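Below: one structure, written as structure tokens.
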Amino acid sequence: MKQFFPNSLRAKILLLLTMLFVLFVGQATFKAILNFNNIKHDRQIEFQSTARWIESEQHRHLAQARMVAFVAMNQIRKGLTRGVCQHGVVGEPGLDPEFGQFAIAAPDGKLSCNSIPWLKTDNVANENYFKEAMKLADVGFISQAGNQSGQYRSIMARSMRNDGRSLSVILVAMDFSWTKEEVEMSNLPEGSHLLLVDAGGTVIAASHNAAGWIDKSLTGTPFYKQILADHDSAFDGSGFGGMPSVVVAHQFETGAGDMRVIIDAPNDVLLQPAYRSLTSMLLFSVLVFGLVLSLAYYWIDKYLLRKVSAIVQATQKLGRGDLTARVALTGEDELGHLAQSFDKMAATLEANVAEIKAAHEELHRVNRSLRVLSAGNKSLLFAKTEQELLERICREIVEAGGYLAAWIGFTGPEQDKFLRTAASYSRTENESHKIDWNKAGNGLDPVITSVRENKVLVINDTGNEAVHKSLGEHAAKFGYRSVIILPLHLEGSPFGALILCAHGENEFGDVQVEYLKETAADTSFGIEMLRTKGERNRLALLEEHHESMLRDSLEDALRAISLTIEMRDPYTSGHQRRVADLADALARELGMSADEVHGIYLAAIVHDIGKINVPAEILVKPGKLNEMEYALVKNHVVSSYEILKGIKFPWPLADMVKQHHERLDGSGYPHGLNNGAILFGARILAVADVVEAMSSHRPYRPGLGTEAALEEIEKGRVRLFDEAVVDACLKLFRDGRFVFNS
């Protein structure tokens, strides 16, 4: 079914407008058909009314004929006069002017008195109306007596009896010329026919267009047969002329046999005005509705479709990874607000991606600084002489940190003028050339200034005009854009500098500077130690210093990394710290040593470090993750392991972090490890992570509370989670000895 409908919104709207247009035309046509039926019905009622009027007139004339017969009877009783026999009783009170002519026939049919001018006979013994009158005691029979000049006339006969014996028959003249007048006054539609038919099917009167049928019988015609079959009603059928027509046939009793009024009107004649009206209305409606639809489409296209199209195109560009996609629409309507919201969302997404990239780059620099720090400490452990120490430090810094060059110089007798090279290492032969910045112009050399003022100097763009000219020229010559100058101290006083050069701009951020300052401090310490202490004291002091500095730097580094991760995911801000607090308490509750407790705490601080590789929009997605998104999230433990495995720790931090989503029954990830293969520290992290995650809010659900989290780990005891860790956790919370800090 879907293939029959267009895909584009524009096509769908056009289809909808077309359907509305067709519906409108169909509705108008339906109304026209109903109007046609109403017209037919109204005409049927009109024709029936005309037929009833003719019936009433016929009854009125019949009543007049009876009155004439009654007056004639009175005249007979009084004695007929010559004037009465010549002129009848015309003008008698209660009689219409056209009534009053009569004749009197003896029982043998001979006329003794006759005032009917068109009755040209002396004896009516053979006439049917006379024969019937001899049988009846009342006026009861009408017979045709002639059609002269279109004037239809009849005789009404009444027998006068005495003791059951007929004395005479009164013949009353009836003129049916009124029917013609009634037909002419009926205001029938042009092309219609009106027929007045007697009981024998003979046409007594007719409209002018059917006048040729007067005095003729309709008995054998299909038209009359259909009327007889439909029992004198109103119906649609073949009319008098054989055309589809509205037909009304009305039968009524006259007292002298039944009569019928038949009226038909061809459909095309009846409905022609309606057809013209319908045609005009449809043309007008089509024009008006077409104009309205055109204006509607123009408005929809301008204020809806173009905006929707712009939003769709921007969305598609964004879907293809173009973070610069913008709709750039204004307006206070819903689409305007939607477009503005989309632009804000796209801008936020672009900013977030930029932040993620920056955070990733920052993490890379932090890792590099940590490697430099670790390499410097390694040099302190193995260097036997001061020169070996300086050379090892320069080499280790360049190789571990990926910098372009490292250089160490000491001040000479004239401290304000130059530094002599003590050691250097470079990725290029040119960079190993003696770096000798001297006083230039009226300004002090930046290196000498840094040493003399005991300040770290960071320049992240040597091409900047504000950079000292001699340093800018040197950077251009040897190909570096970032440089850091770190003073070295001997017994509290600056005596030299450690200088690092890097290819790119902005290579030395605040975090890296702090770690490099520690490297410089370690270098100063190593030089001082080698110069002032014996081998035994040097090793002891070195070990103590190394352990203290390593612990401090590692903890600082891990906390900095943890904060970097949480900056990308505000919904889980503080999660790693709270997990670390709970893991610390669990380890203590389980009786682990202070060193083991500390290692588990540090592992918990960075257990989600791998989320740096998960897109921020997935981390903060409020709905359910799809399969691909969930796979990216699950991969964060592997990413965490890859980040941490290269850094030397006294504890298996990388493995603990990698295994904290494993479960005892092998249902966890990433490797589906079971009971014996999972580190005990990872088991502690697993319980602490589940309890904190369920207790806290997430983008896709509100926090479930601590009690729900405890019930969850209690259900998974032995099967999923280590039973000793679960028991310790339940005891800590239910004894009130641990709560999460906000």
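Lettering and numbering for the structure tokens are positional, with chains as A, B, ... in the shown order, residues counted from 1 in each chain, and ligands counted from 1 in the shown order.
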According to DSSP computed on the backbone, where in range 256-458 of chain A is there strand (DSSP E or B)? Give the residues as an mmCIF file with N, CA, C and O atoms, in the first residue's frame.
```cif
data_model
loop_
_atom_site.group_PDB
_atom_site.id
_atom_site.type_symbol
_atom_site.label_atom_id
_atom_site.label_comp_id
_atom_site.auth_asym_id
_atom_site.auth_seq_id
_atom_site.Cartn_x
_atom_site.Cartn_y
_atom_site.Cartn_z
ATOM 1 N N ASP A 258 -65.583 6.310 -13.872
ATOM 2 C CA ASP A 258 -64.298 6.843 -13.425
ATOM 3 C C ASP A 258 -63.625 7.652 -14.532
ATOM 4 O O ASP A 258 -63.790 7.370 -15.725
ATOM 5 N N MET A 259 -62.834 8.641 -14.100
ATOM 6 C CA MET A 259 -62.029 9.424 -15.027
ATOM 7 C C MET A 259 -60.591 9.483 -14.505
ATOM 8 O O MET A 259 -60.353 9.278 -13.308
ATOM 9 N N ARG A 260 -59.681 9.774 -15.398
ATOM 10 C CA ARG A 260 -58.270 9.898 -15.009
ATOM 11 C C ARG A 260 -57.708 11.204 -15.556
ATOM 12 O O ARG A 260 -57.970 11.562 -16.702
ATOM 13 N N VAL A 261 -56.925 11.833 -14.698
ATOM 14 C CA VAL A 261 -56.103 12.955 -15.142
ATOM 15 C C VAL A 261 -54.665 12.443 -15.260
ATOM 16 O O VAL A 261 -54.105 11.934 -14.276
ATOM 17 N N ILE A 262 -54.076 12.528 -16.423
ATOM 18 C CA ILE A 262 -52.710 12.033 -16.659
ATOM 19 C C ILE A 262 -51.841 13.226 -17.051
ATOM 20 O O ILE A 262 -52.164 13.956 -17.999
ATOM 21 N N ILE A 263 -50.732 13.403 -16.300
ATOM 22 C CA ILE A 263 -49.783 14.488 -16.592
ATOM 23 C C ILE A 263 -48.384 13.878 -16.681
ATOM 24 O O ILE A 263 -47.990 13.084 -15.819
ATOM 25 N N ASP A 264 -47.670 14.200 -17.738
ATOM 26 C CA ASP A 264 -46.269 13.769 -17.816
ATOM 27 C C ASP A 264 -45.407 14.945 -18.239
ATOM 28 O O ASP A 264 -45.873 15.873 -18.895
ATOM 29 N N ALA A 265 -44.159 14.919 -17.772
ATOM 30 C CA ALA A 265 -43.188 15.961 -18.129
ATOM 31 C C ALA A 265 -41.839 15.290 -18.364
ATOM 32 O O ALA A 265 -41.321 14.598 -17.469
ATOM 33 N N PRO A 266 -41.237 15.413 -19.550
ATOM 34 C CA PRO A 266 -39.925 14.791 -19.825
ATOM 35 C C PRO A 266 -38.853 15.298 -18.834
ATOM 36 O O PRO A 266 -38.841 16.472 -18.473
ATOM 37 N N ALA A 405 62.421 18.615 20.630
ATOM 38 C CA ALA A 405 63.767 18.721 21.207
ATOM 39 C C ALA A 405 63.673 19.044 22.689
ATOM 40 O O ALA A 405 62.694 19.645 23.147
ATOM 41 N N ALA A 406 64.683 18.596 23.436
ATOM 42 C CA ALA A 406 64.829 18.953 24.853
ATOM 43 C C ALA A 406 66.252 19.466 25.050
ATOM 44 O O ALA A 406 67.218 18.940 24.473
ATOM 45 N N TRP A 407 66.383 20.481 25.884
ATOM 46 C CA TRP A 407 67.695 21.108 26.096
ATOM 47 C C TRP A 407 67.803 21.541 27.543
ATOM 48 O O TRP A 407 66.853 22.059 28.126
ATOM 49 N N ILE A 408 68.960 21.270 28.144
ATOM 50 C CA ILE A 408 69.237 21.706 29.516
ATOM 51 C C ILE A 408 70.491 22.570 29.478
ATOM 52 O O ILE A 408 71.511 22.192 28.893
ATOM 53 N N GLY A 409 70.365 23.763 30.091
ATOM 54 C CA GLY A 409 71.509 24.663 30.140
ATOM 55 C C GLY A 409 71.679 25.244 31.531
ATOM 56 O O GLY A 409 70.704 25.392 32.281
ATOM 57 N N PHE A 410 72.960 25.523 31.890
ATOM 58 C CA PHE A 410 73.278 26.117 33.196
ATOM 59 C C PHE A 410 73.790 27.539 32.977
ATOM 60 O O PHE A 410 74.402 27.855 31.949
ATOM 61 N N THR A 411 73.573 28.358 33.971
ATOM 62 C CA THR A 411 74.082 29.733 33.900
ATOM 63 C C THR A 411 75.588 29.737 34.113
ATOM 64 O O THR A 411 76.139 28.877 34.804
ATOM 65 N N LEU A 419 73.502 31.158 28.776
ATOM 66 C CA LEU A 419 73.466 29.834 29.392
ATOM 67 C C LEU A 419 74.380 28.927 28.578
ATOM 68 O O LEU A 419 74.390 28.987 27.353
ATOM 69 N N ARG A 420 75.082 28.086 29.270
ATOM 70 C CA ARG A 420 75.900 27.109 28.546
ATOM 71 C C ARG A 420 75.125 25.803 28.441
ATOM 72 O O ARG A 420 74.350 25.437 29.330
ATOM 73 N N THR A 421 75.299 25.107 27.349
ATOM 74 C CA THR A 421 74.591 23.855 27.109
ATOM 75 C C THR A 421 75.158 22.772 28.007
ATOM 76 O O THR A 421 76.368 22.509 28.003
ATOM 77 N N ALA A 422 74.260 22.113 28.759
ATOM 78 C CA ALA A 422 74.674 20.986 29.607
ATOM 79 C C ALA A 422 74.327 19.668 28.933
ATOM 80 O O ALA A 422 75.091 18.700 28.991
ATOM 81 N N ALA A 423 73.154 19.574 28.285
ATOM 82 C CA ALA A 423 72.746 18.364 27.566
ATOM 83 C C ALA A 423 71.601 18.747 26.636
ATOM 84 O O ALA A 423 70.848 19.692 26.892
ATOM 85 N N SER A 424 71.444 17.979 25.557
ATOM 86 C CA SER A 424 70.340 18.220 24.633
ATOM 87 C C SER A 424 70.055 16.953 23.850
ATOM 88 O O SER A 424 70.903 16.070 23.744
ATOM 89 N N TYR A 425 68.818 16.873 23.344
ATOM 90 C CA TYR A 425 68.437 15.729 22.500
ATOM 91 C C TYR A 425 67.361 16.222 21.545
ATOM 92 O O TYR A 425 66.463 16.966 21.936
ATOM 93 N N SER A 426 67.454 15.832 20.278
ATOM 94 C CA SER A 426 66.517 16.318 19.277
ATOM 95 C C SER A 426 66.207 15.236 18.269
ATOM 96 O O SER A 426 66.999 14.311 18.061
ATOM 97 N N ALA A 440 69.410 40.691 23.226
ATOM 98 C CA ALA A 440 69.085 41.236 21.902
ATOM 99 C C ALA A 440 68.414 42.571 22.068
ATOM 100 O O ALA A 440 67.395 42.687 22.734
ATOM 101 N N GLY A 443 65.932 44.464 25.059
ATOM 102 C CA GLY A 443 65.221 43.496 25.905
ATOM 103 C C GLY A 443 66.100 42.335 26.279
ATOM 104 O O GLY A 443 67.018 41.957 25.568
ATOM 105 N N LEU A 457 58.179 30.060 31.558
ATOM 106 C CA LEU A 457 57.759 30.809 30.387
ATOM 107 C C LEU A 457 57.182 29.832 29.357
ATOM 108 O O LEU A 457 57.857 28.883 28.950
ATOM 109 N N VAL A 458 55.921 30.062 28.968
ATOM 110 C CA VAL A 458 55.245 29.206 27.978
ATOM 111 C C VAL A 458 54.898 30.059 26.764
ATOM 112 O O VAL A 458 54.226 31.084 26.894
#
```
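The shell of residues at most 12 Å from range 332-335 of chain A, with only C-alpha atoms counted and near chain neighbours (fewer than 4 positions) removed, consists of Lys302, Tyr303, Leu304, Leu305, Arg306, Lys307, Val308, Ser309, Ala310, Ile311, Val312, Val327, Ala328, Ala339, Gln340, Ser341 and Phe342 of chain A.
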Just give me the gap between CA of Thr523 in chain A and CA of His489 in chain A in Å, one decimal is fine.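 Going from CA of Thr523 in chain A over to CA of His489 in chain A, I get 9.0 Å.
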Please compute the CA of Ile600 in chain A-CA of Arg588 in chain A distance, one decimal, in Å.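 Those two atoms sit 10.4 Å apart.
For the choices A:Glu589, A:Glu692, A:Asp510, A:Asp522, the atom-to-atom distance to Arg365 in chain A is smallest for A:Asp510 when using only C-alpha atoms.
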Shortest interatomic distance to Lys131 in chain A - which of A:Thr221, A:Ser159, A:Thr348, A:Ser112, counting only C-alpha atoms: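 Looking only at the distances to Lys131 in chain A, the closest residue turns out to be A:Ser159.
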Work out how far apart CA of Asp581 in chain A and CA of Phe740 in chain A are and give it in Å to one decimal.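 So the answer is 7.9 Å.
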Contacts of Ile527 in chain A at 10 Å or less, counting only C-alpha atoms, minus same-chain residues fewer than 4 places along, as a ChimeraX atom specification? /A:380,385-387,389-390,488-490,521-523,531-532
Residue contacts of Asp689 in chain A (6 Å, only C-alpha atoms) excluding same-chain residues fewer than 4 positions away, as a list in words: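 Answer for this query is Val579, Leu685 and Ala693 of chain A.
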Please determine, counting only C-alpha atoms, which residue among A:Met174, A:Ala502, A:Ile300, A:Ala475 has the shortest atom-to-atom distance to Thr462 in chain A.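 Smallest distance to Thr462 in chain A is found for A:Ala475.
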